[in-house]
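Structure file start_34.csv with CSV, C-alpha atoms:
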```csv
chain,number,residue,atom,x,y,z
T,14,MET,CA,17.2,21.7,104.8
T,15,ARG,CA,19.9,24.3,105.1
T,16,ASN,CA,21.4,23.3,101.8
T,17,THR,CA,18.1,23.6,100.2
T,18,TYR,CA,17.8,27.3,101.2
T,19,LEU,CA,21.4,27.9,100.2
T,20,TRP,CA,20.7,26.4,96.8
T,21,LEU,CA,17.5,28.4,96.4
T,22,LEU,CA,19.5,31.6,97.2
T,23,GLN,CA,22.0,30.5,94.5
T,24,LEU,CA,19.3,30.4,92.0
T,25,VAL,CA,17.8,33.7,93.0
T,26,THR,CA,21.2,35.5,93.0
T,27,GLY,CA,21.9,34.0,89.6
T,28,GLY,CA,18.8,35.5,88.2
T,29,ILE,CA,19.6,38.9,89.8
T,30,ILE,CA,23.1,38.8,88.4
T,31,VAL,CA,21.7,38.4,84.9
T,32,VAL,CA,19.7,41.5,85.3
T,33,LEU,CA,22.2,43.7,87.2
T,34,LEU,CA,25.2,42.5,85.1
T,35,GLY,CA,23.3,43.1,82.0
T,36,ALA,CA,22.5,46.7,83.1
T,37,HIS,CA,26.1,47.2,84.0
T,38,LEU,CA,27.3,46.0,80.6
T,39,ILE,CA,24.8,48.2,78.9
T,40,THR,CA,25.9,51.3,80.8
T,41,GLN,CA,29.6,50.6,80.3
T,42,TYR,CA,29.3,49.9,76.6
T,43,PRO,CA,26.3,51.8,75.5
T,44,ASP,CA,27.4,52.8,72.0
T,45,GLY,CA,26.6,49.5,70.3
T,46,ILE,CA,23.3,49.3,72.1
T,47,LEU,CA,22.3,52.9,71.5
T,48,VAL,CA,22.7,52.4,67.8
T,49,VAL,CA,20.1,49.7,68.1
T,50,THR,CA,17.4,51.4,70.0
T,51,GLN,CA,16.3,54.9,71.0
T,52,ARG,CA,14.2,53.8,73.9
T,53,LEU,CA,17.2,52.4,75.8
T,54,ASP,CA,18.8,55.9,75.5
T,55,THR,CA,15.7,57.3,77.3
T,56,THR,CA,15.8,54.6,79.9
T,57,LEU,CA,19.5,55.3,80.7
T,58,LYS,CA,18.8,59.0,81.0
T,59,LEU,CA,16.3,58.2,83.7
T,60,PHE,CA,19.3,56.9,85.7
T,61,GLY,CA,21.2,60.0,84.9
T,62,ILE,CA,23.5,58.2,82.5
T,63,ALA,CA,24.4,60.2,79.4
T,64,GLY,CA,25.7,58.7,76.1
T,65,ALA,CA,29.3,58.4,75.0
T,66,ASP,CA,31.2,59.4,78.1
T,67,THR,CA,30.1,56.5,80.4
T,68,THR,CA,33.4,54.7,80.2
T,69,THR,CA,35.7,57.5,81.4
T,70,TRP,CA,37.0,57.4,85.0
T,71,ALA,CA,35.3,60.7,86.0
T,72,SER,CA,31.9,59.6,84.7
T,73,THR,CA,32.2,56.2,86.3
T,74,ILE,CA,33.0,57.7,89.7
T,75,HIS,CA,30.2,60.2,89.3
T,76,ARG,CA,27.8,57.5,88.5
T,77,ALA,CA,28.9,55.3,91.4
T,78,ARG,CA,28.1,58.2,93.8
T,79,GLN,CA,24.5,58.6,92.7
T,80,GLY,CA,21.9,57.0,94.8
T,81,ILE,CA,20.3,54.5,92.4
T,82,ALA,CA,23.4,53.5,90.5
T,83,ALA,CA,25.4,53.2,93.8
T,84,GLY,CA,22.7,51.0,95.2
T,85,LEU,CA,22.7,48.8,92.1
T,86,TYR,CA,26.5,48.5,92.2
T,87,LEU,CA,26.5,47.4,95.8
T,88,ALA,CA,23.7,44.9,95.1
T,89,LEU,CA,25.7,43.5,92.2
T,90,VAL,CA,28.7,43.1,94.5
T,91,ALA,CA,26.7,41.4,97.1
T,92,VAL,CA,25.0,38.9,94.8
T,93,VAL,CA,28.2,38.2,92.9
T,94,LEU,CA,30.1,37.6,96.2
T,95,TYR,CA,27.4,35.2,97.5
T,96,HIS,CA,26.9,33.4,94.1
T,97,GLY,CA,30.6,33.0,93.5
T,98,LEU,CA,31.7,32.0,97.0
T,99,ASN,CA,28.8,29.6,97.4
T,100,GLY,CA,29.7,28.0,94.1
T,101,LEU,CA,33.3,27.7,95.3
T,102,ARG,CA,32.1,26.1,98.5
T,103,GLY,CA,30.1,23.5,96.5
T,104,ILE,CA,33.2,22.6,94.5
T,105,ALA,CA,35.4,22.4,97.5
T,106,LEU,CA,32.9,20.3,99.5
T,107,GLU,CA,32.7,17.8,96.6
T,108,VAL,CA,36.3,16.9,96.9
T,109,THR,CA,36.4,16.9,100.7
T,110,ALA,CA,35.3,13.9,102.6
T,111,SER,CA,36.0,15.3,106.1
T,112,ALA,CA,33.1,17.1,107.9
T,113,ALA,CA,35.7,19.1,109.9
T,114,THR,CA,37.4,20.3,106.7
T,115,ALA,CA,34.0,21.2,105.2
T,116,ARG,CA,33.2,23.4,108.2
T,117,VAL,CA,36.6,25.2,108.0
T,118,ILE,CA,36.1,25.8,104.3
T,119,THR,CA,32.6,27.1,104.9
T,120,TYR,CA,33.6,29.5,107.7
T,121,ALA,CA,36.7,30.7,105.7
T,122,LEU,CA,34.6,31.5,102.6
T,123,MET,CA,32.0,33.3,104.8
T,124,ALA,CA,34.8,35.4,106.3
T,125,ILE,CA,36.3,36.2,102.9
T,126,GLY,CA,32.9,37.3,101.6
T,127,THR,CA,32.1,39.4,104.6
T,128,ILE,CA,35.5,41.1,104.6
T,129,LEU,CA,35.4,41.8,100.8
T,130,PHE,CA,31.9,43.3,101.0
T,131,SER,CA,32.7,45.4,104.1
T,132,ALA,CA,35.8,46.7,102.4
T,133,ILE,CA,33.9,47.7,99.3
T,134,LEU,CA,31.1,49.3,101.3
T,135,VAL,CA,33.6,51.3,103.4
T,136,SER,CA,35.5,52.5,100.4
T,137,ARG,CA,32.1,53.5,98.8
T,138,LEU,CA,31.3,55.5,101.9
T,139,LEU,CA,34.7,57.1,102.3
T,140,TYR,CA,35.5,58.0,98.7
F,7,MET,CA,27.4,-20.5,72.3
F,8,THR,CA,27.3,-22.2,68.9
F,9,ASN,CA,29.9,-21.2,66.4
F,10,ASN,CA,28.1,-20.4,63.2
F,11,SER,CA,31.0,-18.9,61.4
F,12,ASN,CA,34.8,-18.7,61.5
F,13,GLN,CA,34.6,-15.2,62.7
F,14,GLN,CA,36.3,-14.4,66.0
F,15,ILE,CA,36.3,-11.4,68.2
F,16,ILE,CA,39.0,-10.4,70.7
F,17,PHE,CA,37.9,-9.9,74.3
F,18,LYS,CA,40.4,-7.8,76.2
F,19,VAL,CA,39.4,-8.4,79.8
F,20,HIS,CA,40.5,-6.6,82.9
F,21,ARG,CA,42.1,-9.1,85.3
F,22,TYR,CA,42.9,-8.6,88.9
F,23,ASP,CA,43.4,-11.2,91.6
F,24,PRO,CA,44.2,-9.4,94.9
F,25,GLU,CA,46.0,-12.5,96.2
F,26,ARG,CA,48.5,-12.6,93.4
F,27,ASP,CA,48.5,-9.3,91.5
F,28,ASN,CA,49.8,-6.0,92.7
F,29,THR,CA,48.2,-4.1,89.9
F,30,PRO,CA,45.4,-4.9,87.4
F,31,HIS,CA,46.3,-6.0,83.9
F,32,PHE,CA,44.5,-7.0,80.7
F,33,GLN,CA,44.3,-10.4,79.1
F,34,GLU,CA,43.0,-11.2,75.6
F,35,TYR,CA,40.9,-14.1,74.5
F,36,ALA,CA,39.7,-15.0,71.0
F,37,VAL,CA,36.0,-15.8,71.2
F,38,PRO,CA,34.1,-17.2,68.3
F,39,LEU,CA,31.4,-14.9,67.1
F,40,SER,CA,27.9,-16.1,66.5
F,41,ARG,CA,24.7,-14.3,65.6
F,42,GLY,CA,22.8,-13.1,68.5
F,43,ALA,CA,25.6,-13.6,71.0
F,44,THR,CA,25.8,-11.2,73.9
F,45,VAL,CA,28.9,-10.1,75.7
F,46,LEU,CA,27.8,-12.3,78.6
F,47,ASP,CA,27.7,-15.2,76.2
F,48,GLY,CA,31.3,-14.4,75.3
F,49,LEU,CA,32.4,-14.2,79.0
F,50,ILE,CA,30.7,-17.5,79.7
F,51,TYR,CA,32.4,-19.1,76.7
F,52,ILE,CA,35.8,-17.8,78.1
F,53,LYS,CA,35.1,-19.3,81.5
F,54,GLU,CA,33.9,-22.6,80.2
F,55,ASN,CA,36.5,-23.2,77.5
F,56,LEU,CA,39.5,-20.9,77.8
F,57,ASP,CA,40.0,-19.7,81.4
F,58,SER,CA,38.0,-20.9,84.3
F,59,THR,CA,39.6,-18.5,86.7
F,60,LEU,CA,37.8,-15.5,85.2
F,61,ALA,CA,35.4,-14.0,87.7
F,62,PHE,CA,32.3,-12.1,86.9
F,63,ARG,CA,28.7,-11.8,88.1
F,64,SER,CA,25.6,-12.9,86.2
F,65,SER,CA,22.3,-14.3,87.0
F,66,CYS,CA,19.1,-13.9,84.9
F,67,ARG,CA,20.8,-13.2,81.5
F,68,MET,CA,17.6,-11.3,80.6
F,69,TYR,CA,18.5,-7.8,82.0
F,70,VAL,CA,16.1,-7.9,85.0
F,71,CYS,CA,18.5,-8.7,87.9
F,72,GLY,CA,21.3,-6.1,87.3
F,73,SER,CA,24.1,-8.5,88.2
F,74,CYS,CA,26.2,-8.2,85.0
F,75,GLY,CA,26.9,-4.5,84.9
F,76,MET,CA,30.4,-3.8,83.5
F,77,VAL,CA,32.2,-1.3,81.4
F,78,ILE,CA,32.2,-2.5,77.8
F,79,ASN,CA,34.2,-0.5,75.3
F,80,HIS,CA,34.5,2.3,77.8
F,81,TYR,CA,30.7,2.6,78.4
F,82,PRO,CA,28.8,1.0,81.3
F,83,ARG,CA,26.3,-1.6,80.1
F,84,LEU,CA,24.6,-4.8,81.1
F,85,ALA,CA,26.6,-7.7,79.5
F,86,CYS,CA,23.5,-9.8,79.0
F,87,HIS,CA,21.8,-6.9,77.2
F,88,THR,CA,24.7,-6.0,74.8
F,89,GLN,CA,24.9,-7.9,71.6
F,90,ILE,CA,28.5,-8.3,70.4
F,91,THR,CA,27.6,-7.3,66.9
F,92,GLU,CA,25.9,-4.0,67.9
F,93,LEU,CA,29.2,-2.7,69.2
F,94,ASN,CA,30.6,-2.9,65.7
F,95,ALA,CA,34.2,-3.6,66.8
F,96,LYS,CA,36.7,-6.4,66.3
F,97,ARG,CA,38.0,-6.0,69.9
F,98,LEU,CA,36.0,-5.5,73.0
F,99,THR,CA,37.5,-4.0,76.2
F,100,ILE,CA,35.8,-5.3,79.3
F,101,GLN,CA,36.4,-3.6,82.6
F,102,PRO,CA,34.6,-3.7,86.0
F,103,LEU,CA,32.2,-0.9,87.0
F,104,ARG,CA,34.0,2.4,87.8
F,105,ASN,CA,33.5,4.2,91.1
F,106,PHE,CA,33.4,0.9,92.9
F,107,PRO,CA,36.3,-1.0,94.4
F,108,THR,CA,37.1,-4.1,92.5
F,109,ILE,CA,37.0,-7.4,94.4
F,110,LYS,CA,38.4,-9.5,91.5
F,111,ASP,CA,38.5,-9.3,87.7
F,112,LEU,CA,35.1,-8.0,86.7
F,113,VAL,CA,33.5,-8.2,90.1
F,114,PRO,CA,32.9,-4.8,91.9
F,115,ASP,CA,32.2,-4.3,95.6
F,116,MET,CA,28.6,-3.0,95.5
F,117,ASN,CA,28.3,-2.3,99.3
F,118,SER,CA,28.3,1.4,98.8
F,119,LEU,CA,25.3,1.2,96.5
F,120,PHE,CA,23.4,-1.0,99.0
F,121,HIS,CA,24.4,1.2,101.9
F,122,ASN,CA,23.2,4.4,100.2
F,123,HIS,CA,20.1,2.7,99.0
F,124,GLN,CA,19.3,1.5,102.5
F,125,SER,CA,20.0,5.0,104.0
F,126,ILE,CA,17.1,6.6,102.1
F,127,LYS,CA,14.6,4.1,103.7
F,128,PRO,CA,13.4,2.4,100.5
F,129,TYR,CA,10.1,1.2,101.9
F,130,LEU,CA,6.7,2.8,102.7
F,131,LEU,CA,6.7,5.0,105.8
F,132,ARG,CA,3.4,5.8,107.3
F,133,HIS,CA,2.1,7.2,110.6
F,134,ASP,CA,-0.5,4.5,111.0
F,135,THR,CA,1.9,2.0,112.5
F,136,GLU,CA,-0.9,-0.4,113.6
F,137,GLU,CA,-1.8,-0.9,109.9
F,138,MET,CA,1.9,-1.3,109.0
F,139,GLN,CA,2.5,-3.9,111.7
F,140,ASN,CA,-0.8,-5.8,111.2
F,141,PRO,CA,-2.1,-5.0,107.7
F,142,ARG,CA,-5.8,-5.5,107.3
F,143,ALA,CA,-6.3,-4.6,103.6
F,144,GLU,CA,-4.6,-2.9,100.7
F,145,PHE,CA,-4.1,0.8,100.1
F,146,THR,CA,-6.0,2.7,97.4
F,147,GLN,CA,-4.0,3.8,94.4
F,148,LEU,CA,-5.4,5.1,91.2
F,149,PRO,CA,-3.6,4.4,87.8
F,150,LYS,CA,-2.6,8.1,87.6
F,151,GLU,CA,-1.1,7.9,91.1
F,152,LEU,CA,0.9,4.8,90.1
F,153,ASN,CA,2.1,6.5,86.9
F,154,ASP,CA,3.7,9.3,89.0
F,155,PHE,CA,6.4,6.9,90.2
F,156,LEU,CA,6.1,3.7,88.1
F,157,GLN,CA,9.1,4.3,85.8
F,158,PHE,CA,11.4,4.9,88.9
F,159,SER,CA,10.4,1.6,90.3
F,160,TYR,CA,12.0,-0.2,87.4
F,161,CYS,CA,15.5,0.2,88.9
F,162,VAL,CA,17.4,-3.1,89.2
F,163,LYS,CA,20.3,-1.7,91.3
F,164,CYS,CA,22.8,-2.6,88.6
F,165,GLY,CA,25.1,0.3,89.6
F,166,ILE,CA,25.6,1.5,86.0
F,167,CYS,CA,24.2,5.0,86.8
F,168,LEU,CA,26.8,5.3,89.6
F,169,THR,CA,29.6,4.4,87.1
F,170,ALA,CA,28.4,7.0,84.6
F,171,CYS,CA,27.9,9.8,87.2
F,172,PRO,CA,30.8,12.3,87.2
F,173,THR,CA,29.9,13.5,90.7
F,174,MET,CA,30.4,10.0,92.0
F,175,ALA,CA,33.9,10.1,90.6
F,176,THR,CA,34.8,13.2,92.6
F,177,ASP,CA,32.6,13.0,95.7
F,178,LYS,CA,33.0,9.6,97.3
F,179,LEU,CA,30.2,10.4,99.8
F,180,PHE,CA,27.7,11.4,97.2
F,181,LEU,CA,24.5,9.4,97.6
F,182,GLY,CA,24.3,8.8,93.9
F,183,PRO,CA,21.6,8.8,91.3
F,184,GLN,CA,20.3,5.4,92.2
F,185,ALA,CA,19.5,6.2,95.9
F,186,LEU,CA,18.2,9.7,95.0
F,187,ALA,CA,15.9,8.3,92.3
F,188,GLN,CA,14.6,5.7,94.7
F,189,CYS,CA,14.1,8.3,97.4
F,190,TYR,CA,11.8,10.2,94.9
F,191,ARG,CA,10.1,6.9,94.0
F,192,TYR,CA,8.9,6.5,97.6
F,193,CYS,CA,8.2,10.2,98.2
F,194,ALA,CA,6.0,10.3,95.1
F,195,ASP,CA,4.1,7.2,96.1
F,196,ASN,CA,0.7,8.2,97.4
F,197,ARG,CA,0.8,5.5,100.0
F,198,ASP,CA,3.9,7.0,101.6
F,199,GLU,CA,4.3,9.7,104.3
F,200,GLY,CA,8.0,9.6,104.8
F,201,ASP,CA,9.2,12.9,103.3
F,202,LYS,CA,10.2,14.3,106.7
F,203,GLU,CA,12.3,11.2,107.5
F,204,ARG,CA,14.1,11.2,104.2
F,205,PHE,CA,14.6,14.9,103.4
F,206,PRO,CA,17.3,15.6,106.0
F,207,LEU,CA,19.6,13.1,104.4
F,208,VAL,CA,19.0,13.8,100.7
F,209,SER,CA,19.2,17.6,101.3
F,210,GLY,CA,22.5,17.2,103.2
F,211,GLU,CA,26.1,18.0,102.2
F,212,HIS,CA,26.4,15.0,99.9
F,213,GLY,CA,22.9,14.8,98.7
F,214,VAL,CA,20.8,15.9,95.9
F,215,TRP,CA,22.3,19.4,95.6
F,216,ASN,CA,25.6,17.9,94.5
F,217,CYS,CA,24.0,16.7,91.3
F,218,HIS,CA,25.1,18.8,88.4
F,219,LEU,CA,22.5,17.5,86.0
F,220,SER,CA,25.0,16.0,83.5
F,221,GLY,CA,22.3,13.4,82.6
F,222,ALA,CA,24.9,10.6,82.2
F,223,CYS,CA,22.9,8.4,84.6
F,224,SER,CA,19.7,8.6,82.5
F,225,GLU,CA,21.6,8.1,79.3
F,226,SER,CA,23.3,4.9,80.5
F,227,CYS,CA,20.4,3.4,82.5
F,228,PRO,CA,19.5,0.1,80.8
F,229,LYS,CA,15.9,0.1,82.2
F,230,GLY,CA,14.8,3.5,81.3
F,231,VAL,CA,14.5,4.7,84.9
F,232,ASP,CA,15.7,8.3,84.1
F,233,PRO,CA,17.3,9.0,87.5
F,234,ALA,CA,18.1,12.6,86.4
F,235,LEU,CA,14.4,13.3,86.0
F,236,ALA,CA,13.7,11.8,89.5
F,237,ILE,CA,16.5,14.0,91.0
F,238,GLN,CA,15.1,17.2,89.4
F,239,LEU,CA,11.6,16.3,90.7
F,240,LEU,CA,13.1,15.6,94.1
F,241,LYS,CA,14.8,19.1,94.0
F,242,ARG,CA,11.5,20.6,93.2
F,243,ARG,CA,9.8,18.8,96.0
F,244,LEU,CA,12.5,19.9,98.5
F,245,ILE,CA,12.2,23.5,97.5
F,246,SER,CA,8.4,23.6,97.5
F,247,ARG,CA,8.4,22.0,100.9
F,248,SER,CA,11.0,24.5,102.3
F,249,LEU,CA,8.9,27.4,101.0
F,250,GLY,CA,5.7,25.9,102.3
F,251,LEU,CA,4.2,25.7,98.8
F,252,ALA,CA,3.8,22.0,98.7
F,253,LYS,CA,0.2,20.7,98.2
F,254,LYS,CA,-1.2,19.0,101.2
F,255,ARG,CA,-1.9,15.4,100.3
F,256,GLN,CA,-3.7,12.8,102.4
F,257,PRO,CA,-1.9,9.5,102.3
F,258,ALA,CA,-3.7,6.6,100.6
F,259,SER,CA,-6.5,5.2,102.7
F,260,VAL,CA,-7.0,1.5,103.3
F,261,VAL,CA,-9.6,-0.2,101.2
F,262,SER,CA,-11.9,-2.5,103.2
F,263,PRO,CA,-12.0,-6.0,101.7
F,264,PRO,CA,-15.3,-6.8,100.0
F,265,THR,CA,-17.8,-8.4,102.4
F,266,THR,CA,-20.0,-10.0,99.8
F,267,THR,CA,-19.3,-10.7,96.2
F,268,LYS,CA,-21.7,-11.6,93.5
F,269,PRO,CA,-20.2,-13.3,90.3
F,270,ILE,CA,-21.3,-11.8,87.0
F,271,ILE,CA,-21.9,-15.3,85.6
F,272,PRO,CA,-23.7,-17.6,88.1
F,273,PHE,CA,-21.3,-20.2,89.3
F,274,PRO,CA,-22.7,-23.7,89.7
F,275,GLU,CA,-22.8,-25.2,93.2
F,276,PHE,CA,-20.6,-28.2,93.6
F,277,ASN,CA,-19.6,-30.4,96.4
F,278,VAL,CA,-16.1,-31.5,97.0
F,279,LYS,CA,-16.0,-35.2,98.0
F,280,THR,CA,-13.4,-36.2,100.5
F,281,VAL,CA,-12.0,-39.6,100.9
F,282,ALA,CA,-14.1,-40.1,104.0
F,283,ASP,CA,-17.3,-39.4,102.0
F,284,ARG,CA,-16.6,-42.3,99.5
```
Structure rendered as structure tokens:
Amino acid sequence: MRNTYLWLLQLVTGGIIVVLLGAHLITQYPDGILVVTQRLDTTLKLFGIAGADTTTWASTIHRARQGIAAGLYLALVAVVLYHGLNGLRGIALEVTASAATARVITYALMAIGTILFSAILVSRLLY
Amino acid sequence: MTNNSNQQIIFKVHRYDPERDNTPHFQEYAVPLSRGATVLDGLIYIKENLDSTLAFRSSCRMYVCGSCGMVINHYPRLACHTQITELNAKRLTIQPLRNFPTIKDLVPDMNSLFHNHQSIKPYLLRHDTEEMQNPRAEFTQLPKELNDFLQFSYCVKCGICLTACPTMATDKLFLGPQALAQCYRYCADNRDEGDKERFPLVSGEHGVWNCHLSGACSESCPKGVDPALAIQLLKRRLISRSLGLAKKRQPASVVSPPTTTKPIIPFPEFNVKTVADR
């Protein structure tokens, strides 16, 4: 039943990506959205995000260091890494008939995901 | 096949004899067209009148046996269920089922289908082994309970869904829509208790989670089985079982045979005379 749990996690992370990626897009490109609604502007201010300067380097780094936004970015990285790498694993296993090769692919992708997330987490802590 | 007109149609047939040919090739035959003729009628006409070496499978000629599955004008169909005129073409290209090795001409090797079908244990699995070994009576099943799986029991194992399935083309170890649909057919049967025996296989590396829901199996199925629906229901069943959300269901009980029966209309008494009585 392991594959059932992996697939369930794929569905859950897919749903989370829709939410987090949507929030990320809104914060990165707010002008078009803010023209549409005032309430979104209020919501963004709750997260400490101002209006027009969200796409500058300084404002992006400042936002990434704040508690809530930093947590959301890390969560987005985690779910994207799992969702993407598990999807790659599914594609690779479809064209592989050998159980041994399938195990190698699985462990390699797990290692890549762990290394990437660790690198991002360390860079977030250090800088 | 009676020839009611001078019209002819060209059958471009895939030919391959492993004892003589290195590679497959096509051979064309002019077949007289008559109203109501099926592709199978055309192939039989070729075999009886033009080329007796042509090899193909057929049996019932009324689309209940699943023997005559083949790719007709690039789409998998049952030859006995395909009217020549419905294809609206002057030339028919006939090929064996894809995703199966070809034994000869239009005859595919169906062993992989039968092996996958057998692997999902396509029979009732129950814990009351005594009743299974020595059945006393029948199991109860309401009409609603029968409807839960009835359409999936219409499968004739023709292999057309496996030909249409894009995952079968890439993953040679994929169980396939036929086996997965039949797995659900038995899991949904209220007389069955075999979920635990079947789930490890169908939730494995080449099982139900490799299905990408293209729906080609359901579109091509000649019996309306809708294997894609069965696969989705099987996925739902697997997830609900894994999360512990599945409804507890008692398997069907055995119905005791009637001890006394009373006819609605009184049946007259009669005596059977034997030869000795006369």
Closest atom pairs, chain F residues within 9 Å of chain T, only C-alpha atoms, as a tab-separated table:
```
residue	atom	partner	partner_atom	distance
F:Thr173	CA	T:Glu107	CA	7.8
F:Thr176	CA	T:Val108	CA	5.9
F:Asp177	CA	T:Glu107	CA	4.9
F:Lys178	CA	T:Ala110	CA	7.2
F:Leu179	CA	T:Ala110	CA	6.8
F:Phe180	CA	T:Glu107	CA	8.1
F:Phe205	CA	T:Met14	CA	7.4
F:Pro206	CA	T:Met14	CA	6.2
F:Leu207	CA	T:Met14	CA	8.9
F:Ser209	CA	T:Met14	CA	5.7
F:Gly210	CA	T:Asn16	CA	6.4
F:Glu211	CA	T:Asn16	CA	7.1
F:His212	CA	T:Glu107	CA	7.6
F:Trp215	CA	T:Trp20	CA	7.3
F:Asn216	CA	T:Glu107	CA	7.4
F:Lys241	CA	T:Thr17	CA	8.3
F:Leu244	CA	T:Thr17	CA	6.9
F:Ile245	CA	T:Thr17	CA	6.5
F:Ser248	CA	T:Met14	CA	7.2
F:Leu249	CA	T:Tyr18	CA	8.9
```
F:Asp154, F:Leu56, F:Val70, F:Lys268 ranked by distance to Val37 in chain F, top pick (using only C-alpha atoms):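 Residue with the minimum atom-to-atom distance to Val37 in chain F: F:Leu56.
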Separation of CA of Arg21 in chain F from CA of Glu92 in chain F in Å: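 So the answer is 24.3 Å.
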Non-local contacts of Leu46 in chain F (9 Å; all atoms listed in the file; under 3 positions in same chain excluded) as an NGL selection string: :F and (43 or 49-51 or 64 or 67 or 74 or 84-89)
Exercise: residues within 6 Å of coordinate (25.7, 9.7, 86.2), counting all atoms listed in the file, as a ChimeraX atom specification: /F:167-168,170-172,222-223
Residues just named, written with C-alpha atoms as a CSV table (one decimal), in the frame of the given file:
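Heads up, here's the output in out_9.csv:
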```
chain,number,residue,atom,x,y,z
F,167,CYS,CA,24.2,5.0,86.8
F,168,LEU,CA,26.8,5.3,89.6
F,170,ALA,CA,28.4,7.0,84.6
F,171,CYS,CA,27.9,9.8,87.2
F,172,PRO,CA,30.8,12.3,87.2
F,222,ALA,CA,24.9,10.6,82.2
F,223,CYS,CA,22.9,8.4,84.6
```
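Between CA of Val45 in chain F and CA of Val231 in chain F the interatomic distance comes to 22.6 Å.
You can rank F:Ile15, F:Ala194, F:Ala187, F:Val261 by their closest distance to Lys163 in chain F using all atoms listed in the file, and at the top of that list sits F:Ala187.
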Point-to-point distance in Å for CA of Asn105 in chain F and CA of Asp27 in chain F: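 Those two atoms sit 20.2 Å apart.
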Distance query range 77-93 of chain T at most 7 Å, all atoms listed in the file, self and fewer than 4 positions along chain excluded, as a list in words: Thr26, Ile30, Leu33, Thr73, Gly97 and Phe130 of chain T
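Near Pro114 in chain F, within 7 Å and counting all atoms listed in the file, sit Pro102, Leu103, Phe106, Pro107 and Thr108 of chain F, not including residues fewer than 6 positions from it in the same chain.
Proximity of F:Thr146, F:Cys217, F:Asn79, F:Gln184 to Asn94 in chain F, computed with only C-alpha atoms, is greatest for F:Asn79.
Closest approach to Pro263 in chain F among F:Pro233, F:Pro149, F:Gly42, F:Pro141 is made by F:Pro141 (distances from only C-alpha atoms).
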